[in-house]
$ cat data08.txt   # compact mmCIF, N, CA and C atoms
# COMPACT_ATOMS: atom_id res chain seq x y z
N MET A 1287 9.58 -16.46 4.41
CA MET A 1287 9.11 -15.13 4.06
C MET A 1287 10.23 -14.32 3.43
N SER A 1288 10.87 -14.85 2.47
CA SER A 1288 11.99 -14.14 1.88
C SER A 1288 11.55 -12.83 1.25
N GLY A 1289 12.35 -11.78 1.49
CA GLY A 1289 12.12 -10.50 0.84
C GLY A 1289 11.08 -9.62 1.47
N MET A 1290 10.47 -10.01 2.59
CA MET A 1290 9.42 -9.19 3.17
C MET A 1290 9.43 -9.29 4.68
N THR A 1291 9.25 -8.14 5.31
CA THR A 1291 9.12 -8.11 6.76
C THR A 1291 7.80 -7.46 7.11
N PRO A 1292 6.77 -8.24 7.50
CA PRO A 1292 5.48 -7.65 7.86
C PRO A 1292 5.64 -6.73 9.07
N VAL A 1293 4.86 -5.68 9.09
CA VAL A 1293 4.92 -4.75 10.22
C VAL A 1293 3.78 -4.97 11.19
N SER A 1294 2.89 -5.92 10.90
CA SER A 1294 1.80 -6.21 11.83
C SER A 1294 1.39 -7.67 11.68
N GLY A 1295 0.63 -8.15 12.66
CA GLY A 1295 0.13 -9.51 12.60
C GLY A 1295 -0.79 -9.74 11.42
N GLN A 1296 -1.63 -8.75 11.13
CA GLN A 1296 -2.56 -8.94 10.01
C GLN A 1296 -1.81 -8.97 8.67
N GLU A 1297 -0.69 -8.23 8.54
CA GLU A 1297 0.12 -8.32 7.33
C GLU A 1297 0.78 -9.69 7.23
N PHE A 1298 1.27 -10.22 8.35
CA PHE A 1298 1.88 -11.54 8.35
C PHE A 1298 0.88 -12.59 7.89
N ARG A 1299 -0.35 -12.55 8.46
CA ARG A 1299 -1.38 -13.53 8.08
C ARG A 1299 -1.73 -13.38 6.60
N ALA A 1300 -1.86 -12.15 6.12
CA ALA A 1300 -2.19 -11.93 4.71
C ALA A 1300 -1.09 -12.48 3.81
N HIS A 1301 0.17 -12.27 4.20
CA HIS A 1301 1.29 -12.79 3.40
C HIS A 1301 1.24 -14.31 3.36
N GLU A 1302 1.02 -14.94 4.51
CA GLU A 1302 0.95 -16.40 4.57
C GLU A 1302 -0.21 -16.93 3.73
N GLU A 1303 -1.32 -16.18 3.67
CA GLU A 1303 -2.51 -16.60 2.93
C GLU A 1303 -2.52 -16.07 1.50
N GLU A 1304 -1.46 -15.38 1.10
CA GLU A 1304 -1.32 -14.80 -0.23
C GLU A 1304 -2.54 -13.96 -0.62
N ARG A 1305 -2.90 -13.05 0.27
CA ARG A 1305 -4.00 -12.12 0.01
C ARG A 1305 -3.56 -10.73 0.44
N LEU A 1306 -4.35 -9.73 0.09
CA LEU A 1306 -4.04 -8.36 0.49
C LEU A 1306 -4.52 -8.10 1.90
N PRO A 1307 -3.69 -7.48 2.74
CA PRO A 1307 -4.17 -7.07 4.06
C PRO A 1307 -4.97 -5.77 3.91
N ALA A 1308 -5.68 -5.41 4.94
CA ALA A 1308 -6.39 -4.13 4.95
C ALA A 1308 -5.39 -3.00 5.19
N PRO A 1309 -5.67 -1.80 4.70
CA PRO A 1309 -4.82 -0.65 5.04
C PRO A 1309 -4.81 -0.45 6.55
N GLU A 1310 -3.69 0.04 7.07
CA GLU A 1310 -3.57 0.28 8.50
C GLU A 1310 -3.02 1.67 8.77
N LEU A 1311 -3.51 2.30 9.81
CA LEU A 1311 -2.95 3.55 10.30
C LEU A 1311 -1.69 3.20 11.07
N VAL A 1312 -0.53 3.71 10.63
CA VAL A 1312 0.74 3.37 11.27
C VAL A 1312 1.32 4.54 12.07
N ALA A 1313 0.85 5.74 11.81
CA ALA A 1313 1.23 6.94 12.56
C ALA A 1313 0.18 7.99 12.23
N GLU A 1314 0.13 9.04 12.99
CA GLU A 1314 -0.86 10.08 12.71
C GLU A 1314 -0.70 10.58 11.28
N GLY A 1315 -1.76 10.42 10.47
CA GLY A 1315 -1.74 10.89 9.09
C GLY A 1315 -0.99 10.00 8.12
N VAL A 1316 -0.62 8.77 8.54
CA VAL A 1316 0.13 7.85 7.67
C VAL A 1316 -0.54 6.47 7.68
N TRP A 1317 -0.91 5.99 6.49
CA TRP A 1317 -1.57 4.69 6.35
C TRP A 1317 -0.79 3.82 5.38
N THR A 1318 -0.78 2.51 5.65
CA THR A 1318 -0.26 1.58 4.65
C THR A 1318 -1.31 1.46 3.56
N LEU A 1319 -0.86 1.17 2.36
CA LEU A 1319 -1.75 0.94 1.23
C LEU A 1319 -1.26 -0.31 0.51
N PRO A 1320 -1.72 -1.50 0.94
CA PRO A 1320 -1.31 -2.72 0.27
C PRO A 1320 -1.80 -2.72 -1.18
N GLN A 1321 -0.91 -3.08 -2.10
CA GLN A 1321 -1.23 -3.12 -3.53
C GLN A 1321 -0.85 -4.49 -4.08
N ARG A 1322 -1.61 -4.92 -5.07
CA ARG A 1322 -1.28 -6.19 -5.74
C ARG A 1322 0.10 -6.08 -6.38
N ASN A 1323 0.78 -7.22 -6.44
CA ASN A 1323 2.09 -7.29 -7.05
C ASN A 1323 2.03 -8.24 -8.24
N HIS A 1324 3.06 -8.23 -9.07
CA HIS A 1324 3.13 -9.14 -10.21
C HIS A 1324 3.18 -10.59 -9.73
N PRO A 1325 2.54 -11.51 -10.47
CA PRO A 1325 2.65 -12.93 -10.14
C PRO A 1325 4.12 -13.36 -10.11
N GLY A 1326 4.44 -14.24 -9.19
CA GLY A 1326 5.81 -14.72 -9.06
C GLY A 1326 6.64 -13.90 -8.10
N HIS A 1327 6.09 -12.82 -7.58
CA HIS A 1327 6.76 -11.99 -6.58
C HIS A 1327 5.96 -12.06 -5.29
N MET A 1328 6.33 -11.28 -4.32
CA MET A 1328 5.55 -11.24 -3.09
C MET A 1328 4.10 -10.94 -3.46
N PRO A 1329 3.13 -11.46 -2.71
CA PRO A 1329 1.72 -11.28 -3.09
C PRO A 1329 1.26 -9.82 -3.06
N PHE A 1330 1.92 -9.01 -2.26
CA PHE A 1330 1.54 -7.59 -2.21
C PHE A 1330 2.76 -6.75 -1.87
N THR A 1331 2.65 -5.49 -2.17
CA THR A 1331 3.67 -4.52 -1.81
C THR A 1331 2.98 -3.42 -1.02
N LEU A 1332 3.70 -2.74 -0.17
CA LEU A 1332 3.10 -1.67 0.63
C LEU A 1332 3.45 -0.30 0.04
N SER A 1333 2.42 0.42 -0.29
CA SER A 1333 2.53 1.83 -0.60
C SER A 1333 2.06 2.54 0.68
N TYR A 1334 2.22 3.84 0.71
CA TYR A 1334 1.79 4.60 1.89
C TYR A 1334 1.02 5.83 1.46
N LEU A 1335 0.02 6.19 2.25
CA LEU A 1335 -0.71 7.44 2.08
C LEU A 1335 -0.31 8.34 3.23
N ILE A 1336 0.12 9.55 2.90
CA ILE A 1336 0.55 10.50 3.92
C ILE A 1336 -0.26 11.77 3.75
N GLN A 1337 -1.02 12.12 4.78
CA GLN A 1337 -1.87 13.31 4.71
C GLN A 1337 -1.15 14.50 5.31
N ASP A 1338 -1.13 15.61 4.55
CA ASP A 1338 -0.45 16.81 5.04
C ASP A 1338 -1.41 17.69 5.84
N ALA A 1339 -0.91 18.77 6.39
CA ALA A 1339 -1.69 19.66 7.26
C ALA A 1339 -2.87 20.30 6.54
N GLU A 1340 -2.80 20.42 5.22
CA GLU A 1340 -3.89 21.02 4.46
C GLU A 1340 -4.90 19.99 3.97
N GLY A 1341 -4.70 18.71 4.30
CA GLY A 1341 -5.62 17.66 3.89
C GLY A 1341 -5.24 16.97 2.59
N GLY A 1342 -4.19 17.45 1.92
CA GLY A 1342 -3.72 16.77 0.72
C GLY A 1342 -3.09 15.44 1.07
N VAL A 1343 -3.17 14.51 0.15
CA VAL A 1343 -2.61 13.18 0.38
C VAL A 1343 -1.48 12.94 -0.61
N HIS A 1344 -0.37 12.44 -0.10
CA HIS A 1344 0.80 12.11 -0.90
C HIS A 1344 0.93 10.59 -0.91
N VAL A 1345 1.11 10.03 -2.10
CA VAL A 1345 1.21 8.58 -2.24
C VAL A 1345 2.69 8.22 -2.38
N LEU A 1346 3.19 7.47 -1.43
CA LEU A 1346 4.60 7.05 -1.44
C LEU A 1346 4.69 5.66 -2.05
N ASP A 1347 5.47 5.51 -3.10
CA ASP A 1347 5.64 4.24 -3.81
C ASP A 1347 4.29 3.63 -4.20
N PRO A 1348 3.61 4.23 -5.20
CA PRO A 1348 2.24 3.85 -5.52
C PRO A 1348 2.01 2.45 -6.06
N GLY A 1349 3.03 1.69 -6.31
CA GLY A 1349 2.83 0.32 -6.77
C GLY A 1349 2.65 0.24 -8.28
N TRP A 1350 2.32 -0.96 -8.73
CA TRP A 1350 2.22 -1.25 -10.16
C TRP A 1350 0.84 -0.92 -10.70
N ASP A 1351 0.77 -0.63 -11.99
CA ASP A 1351 -0.49 -0.38 -12.68
C ASP A 1351 -1.08 -1.74 -13.07
N LEU A 1352 -1.60 -2.44 -12.06
CA LEU A 1352 -2.19 -3.76 -12.27
C LEU A 1352 -3.69 -3.68 -12.04
N ALA A 1353 -4.41 -4.63 -12.59
CA ALA A 1353 -5.87 -4.68 -12.44
C ALA A 1353 -6.25 -4.58 -10.96
N GLY A 1354 -7.11 -3.65 -10.65
CA GLY A 1354 -7.63 -3.50 -9.30
C GLY A 1354 -6.88 -2.54 -8.41
N ASN A 1355 -5.62 -2.21 -8.72
CA ASN A 1355 -4.86 -1.34 -7.82
C ASN A 1355 -5.41 0.08 -7.78
N ALA A 1356 -5.92 0.61 -8.89
CA ALA A 1356 -6.52 1.95 -8.87
C ALA A 1356 -7.75 1.95 -7.96
N GLU A 1357 -8.54 0.90 -8.03
CA GLU A 1357 -9.73 0.80 -7.18
C GLU A 1357 -9.34 0.67 -5.71
N ILE A 1358 -8.26 -0.05 -5.43
CA ILE A 1358 -7.78 -0.17 -4.05
C ILE A 1358 -7.37 1.21 -3.52
N LEU A 1359 -6.69 2.00 -4.35
CA LEU A 1359 -6.30 3.36 -3.96
C LEU A 1359 -7.53 4.21 -3.69
N GLU A 1360 -8.50 4.17 -4.60
CA GLU A 1360 -9.72 4.97 -4.42
C GLU A 1360 -10.46 4.58 -3.15
N ALA A 1361 -10.56 3.29 -2.87
CA ALA A 1361 -11.25 2.82 -1.65
C ALA A 1361 -10.50 3.28 -0.41
N ALA A 1362 -9.17 3.23 -0.44
CA ALA A 1362 -8.38 3.67 0.72
C ALA A 1362 -8.54 5.16 0.94
N LEU A 1363 -8.58 5.94 -0.13
CA LEU A 1363 -8.78 7.38 0.01
C LEU A 1363 -10.14 7.67 0.63
N ALA A 1364 -11.16 6.95 0.20
CA ALA A 1364 -12.50 7.12 0.78
C ALA A 1364 -12.50 6.72 2.25
N ARG A 1365 -11.80 5.65 2.56
CA ARG A 1365 -11.75 5.14 3.94
C ARG A 1365 -11.13 6.15 4.90
N ILE A 1366 -10.14 6.92 4.42
CA ILE A 1366 -9.51 7.91 5.31
C ILE A 1366 -10.18 9.28 5.22
N GLY A 1367 -11.28 9.34 4.45
CA GLY A 1367 -12.03 10.59 4.37
C GLY A 1367 -11.52 11.56 3.32
N ALA A 1368 -10.73 11.09 2.38
CA ALA A 1368 -10.23 11.92 1.29
C ALA A 1368 -10.88 11.45 0.00
N GLY A 1369 -11.10 12.35 -0.92
CA GLY A 1369 -11.69 11.98 -2.20
C GLY A 1369 -10.64 11.54 -3.19
N ALA A 1370 -11.10 11.06 -4.35
CA ALA A 1370 -10.19 10.59 -5.39
C ALA A 1370 -9.29 11.71 -5.90
N ALA A 1371 -9.72 12.98 -5.73
CA ALA A 1371 -8.90 14.12 -6.18
C ALA A 1371 -7.88 14.52 -5.12
N ALA A 1372 -7.89 13.87 -3.96
CA ALA A 1372 -7.02 14.26 -2.85
C ALA A 1372 -5.52 14.09 -3.10
N PRO A 1373 -5.06 13.07 -3.83
CA PRO A 1373 -3.61 12.94 -3.99
C PRO A 1373 -3.02 14.18 -4.68
N VAL A 1374 -2.04 14.77 -4.03
CA VAL A 1374 -1.39 15.96 -4.59
C VAL A 1374 0.00 15.63 -5.11
N SER A 1375 0.51 14.45 -4.74
CA SER A 1375 1.81 14.03 -5.27
C SER A 1375 1.95 12.52 -5.15
N ALA A 1376 2.86 12.00 -5.96
CA ALA A 1376 3.27 10.60 -5.86
C ALA A 1376 4.79 10.61 -5.83
N VAL A 1377 5.35 9.93 -4.85
CA VAL A 1377 6.80 9.88 -4.69
C VAL A 1377 7.25 8.45 -4.96
N LEU A 1378 8.17 8.30 -5.90
CA LEU A 1378 8.71 6.99 -6.25
C LEU A 1378 10.11 6.90 -5.68
N THR A 1379 10.38 5.91 -4.84
CA THR A 1379 11.69 5.81 -4.21
C THR A 1379 12.60 4.77 -4.86
N HIS A 1380 12.02 3.87 -5.66
CA HIS A 1380 12.83 2.82 -6.26
C HIS A 1380 12.12 2.20 -7.45
N LEU A 1381 12.87 1.46 -8.25
CA LEU A 1381 12.32 0.81 -9.43
C LEU A 1381 12.68 -0.67 -9.42
N HIS A 1382 11.93 -1.43 -8.66
CA HIS A 1382 12.04 -2.88 -8.73
C HIS A 1382 10.72 -3.49 -8.28
N PRO A 1383 10.43 -4.73 -8.70
CA PRO A 1383 9.10 -5.31 -8.49
C PRO A 1383 8.85 -5.83 -7.08
N ASP A 1384 8.73 -4.92 -6.12
CA ASP A 1384 8.36 -5.37 -4.77
C ASP A 1384 6.95 -4.95 -4.49

$ encode --input "data08.txt" --output "structure tokens"
Amino acid sequence: MSGMTPVSGQEFRAHEEERLPAPELVAEGVWTLPQRNHPGHMPFTLSYLIQDAEGGVHVLDPGWDLAGNAEILEAALARIGAGAAAPVSAVLTHLHPD
């Protein structure tokens, strides 16, 4: 498992099976957002959705603009009860293909 440390059993199984895990609530108002990654790299990367006190959602490390990732984001927003207009910011912490 070079380059990745799963934070849950379901992430470990997804990594082993080279598929996307389901989003997970990791703290109050904080969810993982697994996103597809470029071929030849780890099968997925974790972005995070962070909901603020006013209901706005901030996307931390939104991942790559790859086929299906926008739909994954929209589905995750719906799953947590936020609409597609909910993201109020995107925070990028680094620039490398993880």

$ closest_residue --input "data08.txt" --among "A:Leu1311, A:Asn1323, A:Asp1338, A:His1301" --to "Ala1353 (chain A)" --atoms "only C-alpha atoms"
A:Asn1323

$ atom_distance --input "data08.txt" --atom1 "atom C of Met1328 (chain A)" --atom2 "atom C of Ala1372 (chain A)"
26.8 Å

$ select_by_dssp --input "data08.txt" --residues "chain A" --states "strand (DSSP E)" --output "ChimeraX atom specification"
/A:1311-1313,1316-1322,1330-1337,1343-1346,1373-1377

$ atom_distance --input "data08.txt" --atom1 "atom N of Ile1336 (chain A)" --atom2 "atom N of Leu1381 (chain A)"
18.8 Å

$ closest_residue --input "data08.txt" --among "A:Pro1348, A:Pro1329, A:Pro1307, A:Pro1320" --to "Val1377 (chain A)" --atoms "all atoms listed in the file"
A:Pro1348

$ select_by_dssp --input "data08.txt" --residues "region 1321-1383 of chain A" --states "alpha helix (DSSP H)" --output "list of chain:residue names"
A:Asn1355, A:Ala1356, A:Glu1357, A:Ile1358, A:Leu1359, A:Glu1360, A:Ala1361, A:Ala1362, A:Leu1363, A:Ala1364, A:Arg1365

$ atom_distance --input "data08.txt" --atom1 "CA of Gly1349 (chain A)" --atom2 "CA of Tyr1334 (chain A)"
9.7 Å

$ decode --input "data08.txt" --residues "region 1336-1370 of chain A" --atoms "N, CA and C atoms" --output "PDB file, in the first residue's frame"
ATOM      1  N   ILE A1336     -16.518  19.940   4.579  1.00  0.00           N
ATOM      2  CA  ILE A1336     -16.602  20.482   5.935  1.00  0.00           C
ATOM      3  C   ILE A1336     -17.755  21.462   5.971  1.00  0.00           C
ATOM      4  N   GLN A1337     -18.747  21.165   6.810  1.00  0.00           N
ATOM      5  CA  GLN A1337     -19.932  22.025   6.904  1.00  0.00           C
ATOM      6  C   GLN A1337     -19.758  23.024   8.033  1.00  0.00           C
ATOM      7  N   ASP A1338     -19.997  24.309   7.719  1.00  0.00           N
ATOM      8  CA  ASP A1338     -19.849  25.342   8.742  1.00  0.00           C
ATOM      9  C   ASP A1338     -21.164  25.557   9.491  1.00  0.00           C
ATOM     10  N   ALA A1339     -21.155  26.421  10.480  1.00  0.00           N
ATOM     11  CA  ALA A1339     -22.317  26.656  11.345  1.00  0.00           C
ATOM     12  C   ALA A1339     -23.522  27.207  10.583  1.00  0.00           C
ATOM     13  N   GLU A1340     -23.280  27.858   9.448  1.00  0.00           N
ATOM     14  CA  GLU A1340     -24.377  28.415   8.652  1.00  0.00           C
ATOM     15  C   GLU A1340     -24.885  27.437   7.594  1.00  0.00           C
ATOM     16  N   GLY A1341     -24.319  26.235   7.524  1.00  0.00           N
ATOM     17  CA  GLY A1341     -24.749  25.233   6.555  1.00  0.00           C
ATOM     18  C   GLY A1341     -23.957  25.244   5.260  1.00  0.00           C
ATOM     19  N   GLY A1342     -23.040  26.192   5.107  1.00  0.00           N
ATOM     20  CA  GLY A1342     -22.185  26.196   3.925  1.00  0.00           C
ATOM     21  C   GLY A1342     -21.204  25.041   3.977  1.00  0.00           C
ATOM     22  N   VAL A1343     -20.810  24.572   2.821  1.00  0.00           N
ATOM     23  CA  VAL A1343     -19.882  23.447   2.740  1.00  0.00           C
ATOM     24  C   VAL A1343     -18.590  23.921   2.083  1.00  0.00           C
ATOM     25  N   HIS A1344     -17.479  23.554   2.687  1.00  0.00           N
ATOM     26  CA  HIS A1344     -16.156  23.880   2.179  1.00  0.00           C
ATOM     27  C   HIS A1344     -15.517  22.578   1.702  1.00  0.00           C
ATOM     28  N   VAL A1345     -14.965  22.601   0.498  1.00  0.00           N
ATOM     29  CA  VAL A1345     -14.356  21.402  -0.081  1.00  0.00           C
ATOM     30  C   VAL A1345     -12.845  21.525   0.079  1.00  0.00           C
ATOM     31  N   LEU A1346     -12.276  20.610   0.828  1.00  0.00           N
ATOM     32  CA  LEU A1346     -10.832  20.602   1.071  1.00  0.00           C
ATOM     33  C   LEU A1346     -10.180  19.637   0.092  1.00  0.00           C
ATOM     34  N   ASP A1347      -9.232  20.128  -0.697  1.00  0.00           N
ATOM     35  CA  ASP A1347      -8.527  19.328  -1.710  1.00  0.00           C
ATOM     36  C   ASP A1347      -9.515  18.602  -2.630  1.00  0.00           C
ATOM     37  N   PRO A1348     -10.188  19.359  -3.520  1.00  0.00           N
ATOM     38  CA  PRO A1348     -11.286  18.803  -4.314  1.00  0.00           C
ATOM     39  C   PRO A1348     -10.932  17.728  -5.323  1.00  0.00           C
ATOM     40  N   GLY A1349      -9.690  17.413  -5.526  1.00  0.00           N
ATOM     41  CA  GLY A1349      -9.339  16.335  -6.448  1.00  0.00           C
ATOM     42  C   GLY A1349      -9.232  16.820  -7.879  1.00  0.00           C
ATOM     43  N   TRP A1350      -9.066  15.865  -8.774  1.00  0.00           N
ATOM     44  CA  TRP A1350      -8.832  16.154 -10.191  1.00  0.00           C
ATOM     45  C   TRP A1350     -10.139  16.300 -10.944  1.00  0.00           C
ATOM     46  N   ASP A1351     -10.091  17.056 -12.034  1.00  0.00           N
ATOM     47  CA  ASP A1351     -11.234  17.227 -12.927  1.00  0.00           C
ATOM     48  C   ASP A1351     -11.264  16.037 -13.885  1.00  0.00           C
ATOM     49  N   LEU A1352     -11.667  14.889 -13.349  1.00  0.00           N
ATOM     50  CA  LEU A1352     -11.734  13.656 -14.133  1.00  0.00           C
ATOM     51  C   LEU A1352     -13.187  13.256 -14.312  1.00  0.00           C
ATOM     52  N   ALA A1353     -13.446  12.448 -15.320  1.00  0.00           N
ATOM     53  CA  ALA A1353     -14.804  11.981 -15.598  1.00  0.00           C
ATOM     54  C   ALA A1353     -15.428  11.376 -14.337  1.00  0.00           C
ATOM     55  N   GLY A1354     -16.588  11.859 -13.983  1.00  0.00           N
ATOM     56  CA  GLY A1354     -17.333  11.315 -12.859  1.00  0.00           C
ATOM     57  C   GLY A1354     -17.106  12.000 -11.533  1.00  0.00           C
ATOM     58  N   ASN A1355     -16.007  12.737 -11.361  1.00  0.00           N
ATOM     59  CA  ASN A1355     -15.738  13.336 -10.059  1.00  0.00           C
ATOM     60  C   ASN A1355     -16.737  14.432  -9.698  1.00  0.00           C
ATOM     61  N   ALA A1356     -17.211  15.210 -10.673  1.00  0.00           N
ATOM     62  CA  ALA A1356     -18.224  16.232 -10.375  1.00  0.00           C
ATOM     63  C   ALA A1356     -19.516  15.563  -9.895  1.00  0.00           C
ATOM     64  N   GLU A1357     -19.873  14.459 -10.521  1.00  0.00           N
ATOM     65  CA  GLU A1357     -21.076  13.732 -10.108  1.00  0.00           C
ATOM     66  C   GLU A1357     -20.909  13.127  -8.719  1.00  0.00           C
ATOM     67  N   ILE A1358     -19.705  12.667  -8.404  1.00  0.00           N
ATOM     68  CA  ILE A1358     -19.438  12.129  -7.066  1.00  0.00           C
ATOM     69  C   ILE A1358     -19.613  13.235  -6.025  1.00  0.00           C
ATOM     70  N   LEU A1359     -19.117  14.435  -6.324  1.00  0.00           N
ATOM     71  CA  LEU A1359     -19.279  15.578  -5.417  1.00  0.00           C
ATOM     72  C   LEU A1359     -20.754  15.910  -5.239  1.00  0.00           C
ATOM     73  N   GLU A1360     -21.493  15.989  -6.330  1.00  0.00           N
ATOM     74  CA  GLU A1360     -22.924  16.315  -6.250  1.00  0.00           C
ATOM     75  C   GLU A1360     -23.684  15.276  -5.433  1.00  0.00           C
ATOM     76  N   ALA A1361     -23.382  13.999  -5.630  1.00  0.00           N
ATOM     77  CA  ALA A1361     -24.053  12.933  -4.873  1.00  0.00           C
ATOM     78  C   ALA A1361     -23.714  13.024  -3.391  1.00  0.00           C
ATOM     79  N   ALA A1362     -22.455  13.332  -3.071  1.00  0.00           N
ATOM     80  CA  ALA A1362     -22.058  13.462  -1.663  1.00  0.00           C
ATOM     81  C   ALA A1362     -22.748  14.647  -1.012  1.00  0.00           C
ATOM     82  N   LEU A1363     -22.875  15.754  -1.740  1.00  0.00           N
ATOM     83  CA  LEU A1363     -23.580  16.917  -1.191  1.00  0.00           C
ATOM     84  C   LEU A1363     -25.039  16.580  -0.910  1.00  0.00           C
ATOM     85  N   ALA A1364     -25.669  15.854  -1.824  1.00  0.00           N
ATOM     86  CA  ALA A1364     -27.056  15.437  -1.605  1.00  0.00           C
ATOM     87  C   ALA A1364     -27.153  14.498  -0.413  1.00  0.00           C
ATOM     88  N   ARG A1365     -26.192  13.607  -0.288  1.00  0.00           N
ATOM     89  CA  ARG A1365     -26.197  12.624   0.806  1.00  0.00           C
ATOM     90  C   ARG A1365     -26.115  13.286   2.176  1.00  0.00           C
ATOM     91  N   ILE A1366     -25.386  14.411   2.269  1.00  0.00           N
ATOM     92  CA  ILE A1366     -25.274  15.086   3.569  1.00  0.00           C
ATOM     93  C   ILE A1366     -26.347  16.158   3.754  1.00  0.00           C
ATOM     94  N   GLY A1367     -27.267  16.244   2.773  1.00  0.00           N
ATOM     95  CA  GLY A1367     -28.369  17.186   2.908  1.00  0.00           C
ATOM     96  C   GLY A1367     -28.057  18.585   2.419  1.00  0.00           C
ATOM     97  N   ALA A1368     -27.022  18.741   1.633  1.00  0.00           N
ATOM     98  CA  ALA A1368     -26.663  20.040   1.060  1.00  0.00           C
ATOM     99  C   ALA A1368     -26.905  19.975  -0.440  1.00  0.00           C
ATOM    100  N   GLY A1369     -27.265  21.074  -1.042  1.00  0.00           N
ATOM    101  CA  GLY A1369     -27.482  21.108  -2.483  1.00  0.00           C
ATOM    102  C   GLY A1369     -26.199  21.380  -3.232  1.00  0.00           C
ATOM    103  N   ALA A1370     -26.283  21.299  -4.563  1.00  0.00           N
ATOM    104  CA  ALA A1370     -25.111  21.535  -5.406  1.00  0.00           C
ATOM    105  C   ALA A1370     -24.580  22.955  -5.249  1.00  0.00           C
TER     106      ALA A1370
END
